[in-house]
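query-v5.txt (compact mmCIF, C-alpha atoms) appears below.
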```txt
# COMPACT_ATOMS: atom_id res chain seq x y z
CA MET A 1 80.94 44.64 -60.42
CA PRO A 2 80.83 48.37 -61.23
CA ALA A 3 77.94 50.31 -59.70
CA SER A 4 76.59 51.04 -63.19
CA HIS A 5 76.59 47.37 -64.26
CA LEU A 6 72.91 46.69 -65.05
CA THR A 7 71.72 43.11 -64.63
CA LEU A 8 68.57 41.66 -66.23
CA ILE A 9 66.73 39.00 -64.24
CA THR A 10 64.04 36.80 -65.77
CA GLY A 11 62.07 34.10 -63.98
CA ALA A 12 61.83 36.25 -60.85
CA GLY A 13 60.14 33.65 -58.66
CA GLY A 14 62.08 31.37 -56.33
CA VAL A 15 65.78 31.64 -57.17
CA GLY A 16 65.34 34.80 -59.26
CA ARG A 17 63.55 36.69 -56.52
CA ASP A 18 66.29 35.82 -54.03
CA VAL A 19 68.94 36.90 -56.54
CA VAL A 20 67.23 40.28 -56.94
CA GLU A 21 67.20 40.76 -53.18
CA LYS A 22 70.87 39.84 -52.82
CA LEU A 23 72.01 42.11 -55.65
CA ARG A 24 69.91 45.04 -54.50
CA SER A 25 71.30 44.69 -50.96
CA GLN A 26 74.67 45.55 -52.51
CA ASP A 27 73.20 48.37 -54.63
CA VAL A 28 73.66 46.51 -57.91
CA PRO A 29 71.20 47.97 -60.46
CA VAL A 30 68.69 45.31 -61.46
CA ARG A 31 66.04 45.16 -64.15
CA VAL A 32 63.45 42.40 -63.88
CA MET A 33 61.30 41.15 -66.74
CA VAL A 34 57.84 39.96 -65.70
CA ARG A 35 54.80 38.93 -67.71
CA ARG A 36 52.25 40.70 -65.48
CA ASP A 37 52.30 43.88 -63.43
CA ASP A 38 50.95 42.24 -60.28
CA ASP A 39 51.72 42.01 -56.56
CA ARG A 40 54.98 40.18 -57.26
CA ALA A 41 56.08 43.03 -59.54
CA ALA A 42 55.23 45.51 -56.78
CA ARG A 43 57.37 43.58 -54.30
CA LEU A 44 60.30 43.62 -56.75
CA ARG A 45 59.94 47.40 -57.17
CA ALA A 46 59.95 47.71 -53.37
CA LEU A 47 63.40 46.10 -53.43
CA GLY A 48 64.58 48.86 -55.76
CA ALA A 49 64.47 46.88 -59.00
CA GLU A 50 63.33 48.33 -62.30
CA VAL A 51 60.42 46.19 -63.53
CA VAL A 52 59.56 45.82 -67.22
CA LEU A 53 56.81 43.81 -68.87
CA GLY A 54 57.89 41.22 -71.42
CA ASP A 55 57.72 37.68 -72.70
CA LEU A 56 60.81 35.54 -73.27
CA THR A 57 59.24 34.05 -76.40
CA ARG A 58 58.71 37.49 -78.00
CA PRO A 59 61.95 38.88 -79.50
CA GLU A 60 60.85 42.51 -79.45
CA THR A 61 60.25 42.52 -75.70
CA VAL A 62 63.51 40.68 -75.03
CA ALA A 63 65.41 43.24 -77.12
CA ALA A 64 63.83 46.11 -75.19
CA ALA A 65 64.63 44.49 -71.84
CA LEU A 66 68.27 43.95 -72.87
CA ASP A 67 68.86 47.62 -73.71
CA GLY A 68 71.83 48.82 -71.64
CA VAL A 69 72.22 45.47 -69.85
CA GLN A 70 75.67 44.00 -69.16
CA SER A 71 74.68 40.65 -67.61
CA MET A 72 71.56 38.48 -67.70
CA TYR A 73 70.09 35.67 -65.63
CA PHE A 74 67.91 33.43 -67.81
CA ALA A 75 65.32 31.24 -66.09
CA MET A 76 61.68 30.37 -66.47
CA PRO A 77 59.19 28.04 -64.78
CA VAL A 78 58.75 24.48 -66.07
CA SER A 79 57.27 25.08 -69.52
CA PRO A 80 57.10 23.48 -72.97
CA ASP A 81 58.27 26.90 -74.25
CA HIS A 82 61.67 26.64 -72.53
CA LEU A 83 63.67 25.89 -75.67
CA LEU A 84 61.84 28.55 -77.69
CA ALA A 85 62.59 31.12 -74.99
CA ALA A 86 66.26 30.14 -74.85
CA THR A 87 66.56 30.37 -78.62
CA VAL A 88 64.89 33.78 -78.68
CA VAL A 89 67.17 35.07 -75.92
CA ALA A 90 70.31 33.73 -77.60
CA SER A 91 69.32 35.18 -80.99
CA VAL A 92 68.35 38.59 -79.66
CA ALA A 93 71.37 38.84 -77.36
CA ARG A 94 73.69 38.08 -80.29
CA GLU A 95 72.08 40.74 -82.48
CA TYR A 96 71.22 43.47 -79.99
CA GLY A 97 72.92 42.69 -76.71
CA ARG A 98 76.25 43.68 -75.24
CA LEU A 99 76.46 41.00 -72.57
CA ASP A 100 79.50 40.25 -70.45
CA ALA A 101 77.73 37.15 -69.11
CA LEU A 102 74.53 35.16 -69.57
CA ILE A 103 73.72 32.93 -66.60
CA ASP A 104 71.57 29.99 -67.67
CA MET A 105 69.47 28.17 -65.06
CA SER A 106 69.66 24.56 -66.19
CA GLN A 107 69.35 21.22 -64.33
CA MET A 108 71.77 18.69 -62.87
CA THR A 109 70.26 15.94 -65.04
CA VAL A 110 71.73 17.61 -68.13
CA SER A 111 75.24 16.58 -67.08
CA GLN A 112 74.22 12.91 -67.46
CA MET A 113 72.37 13.27 -70.77
CA THR A 114 73.43 12.68 -74.36
CA ALA A 115 72.00 13.76 -77.70
CA THR A 116 70.02 10.51 -77.92
CA SER A 117 69.18 9.60 -74.30
CA THR A 118 65.48 9.00 -73.71
CA ALA A 119 65.04 8.32 -69.99
CA GLU A 120 64.64 11.99 -69.10
CA SER A 121 61.53 14.17 -69.02
CA HIS A 122 60.51 16.48 -71.85
CA GLN A 123 61.53 19.41 -69.64
CA GLN A 124 64.97 17.95 -68.98
CA ARG A 125 65.43 17.41 -72.72
CA LEU A 126 64.51 21.07 -73.32
CA HIS A 127 67.17 22.13 -70.79
CA TRP A 128 69.77 19.97 -72.57
CA LEU A 129 68.87 21.48 -75.93
CA ALA A 130 68.84 25.01 -74.49
CA GLU A 131 72.39 24.51 -73.23
CA GLN A 132 73.44 23.50 -76.75
CA VAL A 133 71.82 26.63 -78.21
CA PHE A 134 73.55 28.90 -75.71
CA ASN A 135 76.89 27.18 -76.31
CA TRP A 136 76.52 27.46 -80.09
CA SER A 137 75.56 31.13 -79.81
CA GLY A 138 79.07 32.14 -78.81
CA LEU A 139 77.67 34.23 -75.95
CA PRO A 140 79.61 34.37 -72.64
CA VAL A 141 77.51 31.68 -70.93
CA VAL A 142 77.60 30.17 -67.44
CA HIS A 143 75.40 27.13 -66.82
CA ILE A 144 73.95 26.58 -63.34
CA ARG A 145 72.85 22.97 -62.82
CA PRO A 146 71.08 22.44 -59.50
CA THR A 147 69.77 19.07 -58.41
CA SER A 148 66.18 18.92 -57.12
CA PHE A 149 65.14 21.79 -54.84
CA LEU A 150 64.45 21.29 -51.15
CA ASP A 151 61.75 23.94 -51.60
CA ASN A 152 59.97 21.69 -54.13
CA PRO A 153 56.52 20.45 -52.99
CA LEU A 154 57.97 16.93 -53.07
CA PHE A 155 60.01 17.87 -49.99
CA THR A 156 57.73 20.54 -48.47
CA THR A 157 53.97 20.56 -49.04
CA LEU A 158 53.47 16.83 -49.58
CA PRO A 159 55.61 15.66 -46.61
CA ALA A 160 54.00 18.31 -44.39
CA GLN A 161 50.59 16.75 -45.07
CA THR A 162 51.61 13.20 -44.26
CA ILE A 163 53.86 14.14 -41.33
CA ARG A 164 50.93 15.90 -39.66
CA LYS A 165 48.62 12.99 -40.44
CA ASN A 166 50.73 9.97 -39.46
CA GLY A 167 54.40 10.93 -39.11
CA THR A 168 55.49 9.74 -42.54
CA ILE A 169 57.07 10.94 -45.77
CA GLU A 170 55.33 9.08 -48.60
CA LEU A 171 57.05 9.26 -51.98
CA PRO A 172 57.92 6.87 -54.83
CA PHE A 173 61.70 7.23 -54.59
CA GLY A 174 62.54 3.61 -53.75
CA THR A 175 66.03 3.13 -52.33
CA GLY A 176 67.58 5.84 -54.49
CA ARG A 177 69.79 8.47 -52.97
CA THR A 178 69.31 12.20 -53.45
CA SER A 179 71.00 15.49 -52.58
CA PRO A 180 68.38 18.27 -52.75
CA ILE A 181 69.48 21.88 -52.43
CA ALA A 182 67.73 24.94 -51.01
CA VAL A 183 66.64 27.71 -53.37
CA ALA A 184 68.50 30.19 -51.16
CA ASP A 185 71.81 28.38 -51.76
CA VAL A 186 71.33 28.36 -55.53
CA ALA A 187 70.52 32.07 -55.39
CA ARG A 188 73.73 32.73 -53.45
CA VAL A 189 75.72 31.09 -56.24
CA VAL A 190 73.90 32.97 -59.01
CA ALA A 191 74.35 36.31 -57.22
CA THR A 192 78.03 35.57 -56.66
CA VAL A 193 78.56 34.81 -60.34
CA LEU A 194 76.61 37.90 -61.45
CA ARG A 195 78.66 40.20 -59.20
CA ASP A 196 81.90 39.15 -60.95
CA PRO A 197 81.04 37.02 -63.98
CA ALA A 198 84.31 37.08 -65.94
CA PRO A 199 86.05 34.20 -64.10
CA HIS A 200 82.99 31.97 -64.51
CA VAL A 201 82.26 32.31 -68.23
CA GLY A 202 82.40 28.93 -69.96
CA HIS A 203 81.83 26.95 -66.76
CA ALA A 204 78.95 24.70 -65.71
CA TYR A 205 78.38 24.49 -61.95
CA LYS A 206 76.73 21.47 -60.35
CA LEU A 207 74.84 22.48 -57.20
CA THR A 208 73.77 19.93 -54.61
CA GLY A 209 73.20 19.63 -50.91
CA PRO A 210 76.25 18.79 -48.78
CA ARG A 211 75.75 15.00 -49.02
CA THR A 212 73.53 12.37 -50.58
CA VAL A 213 70.92 10.51 -48.53
CA ASP A 214 68.39 7.78 -49.13
CA MET A 215 64.83 8.49 -48.11
CA THR A 216 65.17 6.68 -44.78
CA GLU A 217 68.09 8.96 -43.94
CA MET A 218 66.07 11.95 -45.09
CA ALA A 219 63.23 10.95 -42.78
CA GLY A 220 65.81 10.74 -39.97
CA ALA A 221 66.90 14.31 -40.70
CA PHE A 222 63.25 15.40 -40.56
CA SER A 223 62.86 13.59 -37.22
CA LYS A 224 65.80 15.43 -35.68
CA ALA A 225 64.69 18.80 -37.06
CA LEU A 226 61.07 18.44 -35.99
CA GLY A 227 61.63 16.68 -32.68
CA ARG A 228 59.19 13.88 -33.50
CA PRO A 229 59.47 10.49 -35.24
CA VAL A 230 59.23 10.60 -39.01
CA SER A 231 59.55 7.49 -41.19
CA TYR A 232 59.71 6.95 -44.93
CA VAL A 233 57.01 4.98 -46.72
CA ASP A 234 57.85 3.99 -50.27
CA VAL A 235 54.79 4.20 -52.52
CA PRO A 236 54.57 2.51 -55.95
CA LEU A 237 55.02 5.19 -58.59
CA GLU A 238 51.79 4.59 -60.52
CA GLN A 239 49.78 4.43 -57.30
CA TRP A 240 51.31 7.72 -56.15
CA ARG A 241 50.66 9.26 -59.55
CA GLU A 242 46.97 8.29 -59.45
CA GLU A 243 46.26 8.97 -55.77
CA VAL A 244 48.38 12.08 -55.22
CA LEU A 245 49.68 13.76 -58.35
CA ALA A 246 46.55 13.37 -60.48
CA THR A 247 44.46 15.10 -57.82
CA ILE A 248 46.51 18.31 -58.10
CA GLY A 249 45.45 18.98 -61.68
CA LEU A 250 48.83 19.88 -63.14
CA PRO A 251 49.38 20.48 -66.87
CA PRO A 252 50.55 17.26 -68.62
CA HIS A 253 54.04 18.70 -69.29
CA ILE A 254 54.64 19.40 -65.59
CA GLU A 255 53.10 16.11 -64.44
CA GLN A 256 55.31 14.13 -66.83
CA HIS A 257 58.36 16.00 -65.53
CA ILE A 258 57.55 15.22 -61.88
CA VAL A 259 56.84 11.55 -62.60
CA THR A 260 60.14 11.29 -64.46
CA MET A 261 61.99 12.96 -61.57
CA CYS A 262 60.58 10.29 -59.26
CA ARG A 263 61.58 7.50 -61.63
CA LEU A 264 65.10 8.91 -61.96
CA HIS A 265 65.34 9.07 -58.17
CA GLN A 266 64.49 5.36 -58.10
CA HIS A 267 67.29 4.76 -60.59
CA ASN A 268 69.76 6.74 -58.45
CA ARG A 269 70.24 9.52 -60.99
CA TYR A 270 70.14 12.11 -58.18
CA ASP A 271 72.94 10.45 -56.21
CA ARG A 272 75.28 13.35 -56.88
CA ALA A 273 77.33 15.46 -54.47
CA SER A 274 79.33 18.58 -55.28
CA ASP A 275 81.11 21.22 -53.21
CA ASP A 276 80.50 23.94 -55.81
CA VAL A 277 78.23 25.94 -53.48
CA GLU A 278 80.90 26.23 -50.80
CA ARG A 279 83.72 26.68 -53.31
CA LEU A 280 81.95 29.57 -55.03
CA THR A 281 80.38 31.34 -52.04
CA GLY A 282 82.56 30.33 -49.10
CA THR A 283 79.58 28.86 -47.22
CA PRO A 284 78.36 25.25 -47.50
CA ALA A 285 74.88 24.41 -48.75
CA GLN A 286 72.23 23.92 -46.07
CA THR A 287 71.66 20.47 -44.67
CA ILE A 288 68.21 18.93 -44.86
CA GLU A 289 67.97 19.11 -41.07
CA ASP A 290 68.74 22.86 -41.01
CA PHE A 291 66.28 23.55 -43.84
CA VAL A 292 63.46 21.68 -42.10
CA ALA A 293 64.25 23.10 -38.64
CA ALA A 294 63.90 26.64 -40.02
CA ARG A 295 60.39 25.70 -41.20
CA LYS A 296 59.27 23.64 -38.22
CA ASP A 297 55.92 25.40 -37.87
CA PHE A 298 55.17 24.83 -41.55
CA TYR A 299 55.77 21.08 -41.34
CA LEU A 300 53.97 20.55 -38.04
CA GLY A 301 51.09 22.95 -38.69
```

Rewrite the structure from the file as structure tokens, please.
Amino acid sequence: MPASHLTLITGAGGVGRDVVEKLRSQDVPVRVMVRRDDDRAARLRALGAEVVLGDLTRPETVAAALDGVQSMYFAMPVSPDHLLAATVVASVAREYGRLDALIDMSQMTVSQMTATSTAESHQQRLHWLAEQVFNWSGLPVVHIRPTSFLDNPLFTTLPAQTIRKNGTIELPFGTGRTSPIAVADVARVVATVLRDPAPHVGHAYKLTGPRTVDMTEMAGAFSKALGRPVSYVDVPLEQWREEVLATIGLPPHIEQHIVTMCRLHQHNRYDRASDDVERLTGTPAQTIEDFVAARKDFYLG
């Protein structure tokens, strides 16, 4: 990537923030769109990024943010506005942009969906539709499809609470297998693609952990990493929804997405393994054991 190649990053929490850090460490010029000029924006400026205020659902702010940009990373938090934002970005980039690549943060579930499938969450359906919009736009698109994140509260905050209390992981995943991936590994892939996007245009990359595990095997990985016994307790989905999820007070769109993720885990929809992380970056994705061991104090309190 030439030193003057300006990259626009949206959704600068989680994966996006790590991507900014990785690109700036190699002196790649980065512009980040944020909705508020807050502490997070200050931290991004401290990394050397240009920070602009904008809203992915407002065409005029997207057009301003795209000025002079050669590549873009499109992502946003779980939101009912996801498809609107994708459509705005695609429309504005076609009319005003000069992009060599548009990296779309999608989801692994999309690769198993059809135009009429109904088992997925509203959010997953929005990701599927957004991919269609980007493909139809004719823009130079790369789709990134990670499975569930190891950094998700399902594998961090919630297990930490029950591990401290009684040495258990309590989730409604049944006997389904899963292959969660660390945010840091997804960010490595995105940064790699952004540094030299041309060979990746038109591809969809499926990002998973190095192998699939059932929840008993996951609990075993936690046990090894934490140096104490951890077992898996399968909780009925509706019971878990009422006793755990409902107490958090999430917006209905997000709650429905999480419940659907759990149901799809039960149905083995997350039993997917890919070597795309290692193939693209030269380094394998983190194991569950390594991820947990690096956060031992967090899990044990």

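Nearest to A:Leu56 of all the residues A:Gly138, A:Gly11, A:Gly97, A:Pro252 is A:Gly11, based on all atoms listed in the file.
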
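Compared by their closest atoms to A:Arg263, and using only C-alpha atoms, the residues A:Val133, A:Glu120, A:Phe155, A:Tyr205 rank with A:Glu120 nearest.
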
What does the distance from atom CA of A:Glu50 to atom CA of A:Thr7 come to in Å, to one decimal?
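One can read the atom CA of A:Glu50 to atom CA of A:Thr7 distance as 10.2 Å.
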
Check which residues of stretch 92-199 of chain A sit at most 12 Å from stretch 273-289 of chain A using all atoms listed in the file, and return one row each with the closest pair of atoms and their distance in Å to one decimal, ordered by chain and rising number, as a Markdown table.
```
| residue | atom | partner | partner_atom | distance |
| --- | --- | --- | --- | --- |
| A:Met108 | CA | A:Ala273 | CA | 10.6 |
| A:Ile144 | CA | A:Asp276 | CA | 10.3 |
| A:Arg145 | CA | A:Asp276 | CA | 10.4 |
| A:Pro146 | CA | A:Val277 | CA | 10.0 |
| A:Thr147 | CA | A:Ala273 | CA | 9.3 |
| A:Ser148 | CA | A:Ala273 | CA | 12.0 |
| A:Phe149 | CA | A:Ile288 | CA | 10.8 |
| A:Leu150 | CA | A:Ile288 | CA | 7.7 |
| A:Asp151 | CA | A:Ile288 | CA | 10.6 |
| A:Phe155 | CA | A:Ile288 | CA | 9.7 |
| A:Thr156 | CA | A:Ile288 | CA | 11.2 |
| A:Arg177 | CA | A:Ala273 | CA | 10.4 |
| A:Thr178 | CA | A:Ala273 | CA | 8.7 |
| A:Ser179 | CA | A:Ala273 | CA | 6.6 |
| A:Pro180 | CA | A:Ile288 | CA | 7.9 |
| A:Ile181 | CA | A:Ala285 | CA | 7.0 |
| A:Ala182 | CA | A:Gln286 | CA | 6.8 |
| A:Val183 | CA | A:Gln286 | CA | 9.9 |
| A:Ala184 | CA | A:Gln286 | CA | 8.9 |
| A:Asp185 | CA | A:Ala285 | CA | 5.9 |
| A:Val186 | CA | A:Val277 | CA | 7.6 |
| A:Ala187 | CA | A:Val277 | CA | 10.0 |
| A:Arg188 | CA | A:Thr281 | CA | 6.9 |
| A:Val189 | CA | A:Thr281 | CA | 6.3 |
| A:Val190 | CA | A:Leu280 | CA | 9.6 |
| A:Ala191 | CA | A:Thr281 | CA | 9.4 |
| A:Thr192 | CA | A:Thr281 | CA | 6.7 |
| A:Val193 | CA | A:Leu280 | CA | 8.2 |
| A:Leu194 | CA | A:Leu280 | CA | 11.8 |
| A:Arg195 | CA | A:Thr281 | CA | 11.5 |
| A:Asp196 | CA | A:Leu280 | CA | 11.3 |
| A:Pro197 | CA | A:Leu280 | CA | 11.7 |
| A:Pro199 | CA | A:Leu280 | CA | 11.0 |
```

Quick one: of A:His5, A:Arg241, A:His200, A:Lys206, who's nearest to A:Ser111, counting all atoms listed in the file?
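Selected residue with least distance to A:Ser111: A:Lys206.
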
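Here atom CA of A:Gly220 is placed at a distance of 22.0 Å from atom CA of A:Met261.
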
Determine, counting only C-alpha atoms, which protein, DNA and RNA residues have an atom within 9 Å of an atom of A:Tyr96; residues of the same chain fewer than 6 positions away are not included. Present the result as a ChimeraX atom specification.
/A:63,66-67

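Comparing the minimum interatomic distances between A:Ala12 and each of A:Ala75, A:Pro29, A:Thr109, A:Asp37, counting all atoms listed in the file, we find that A:Ala75 sits nearest.
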
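For the pair atom CA of A:Val15 and atom CA of A:Leu264, the interatomic distance is 23.2 Å.
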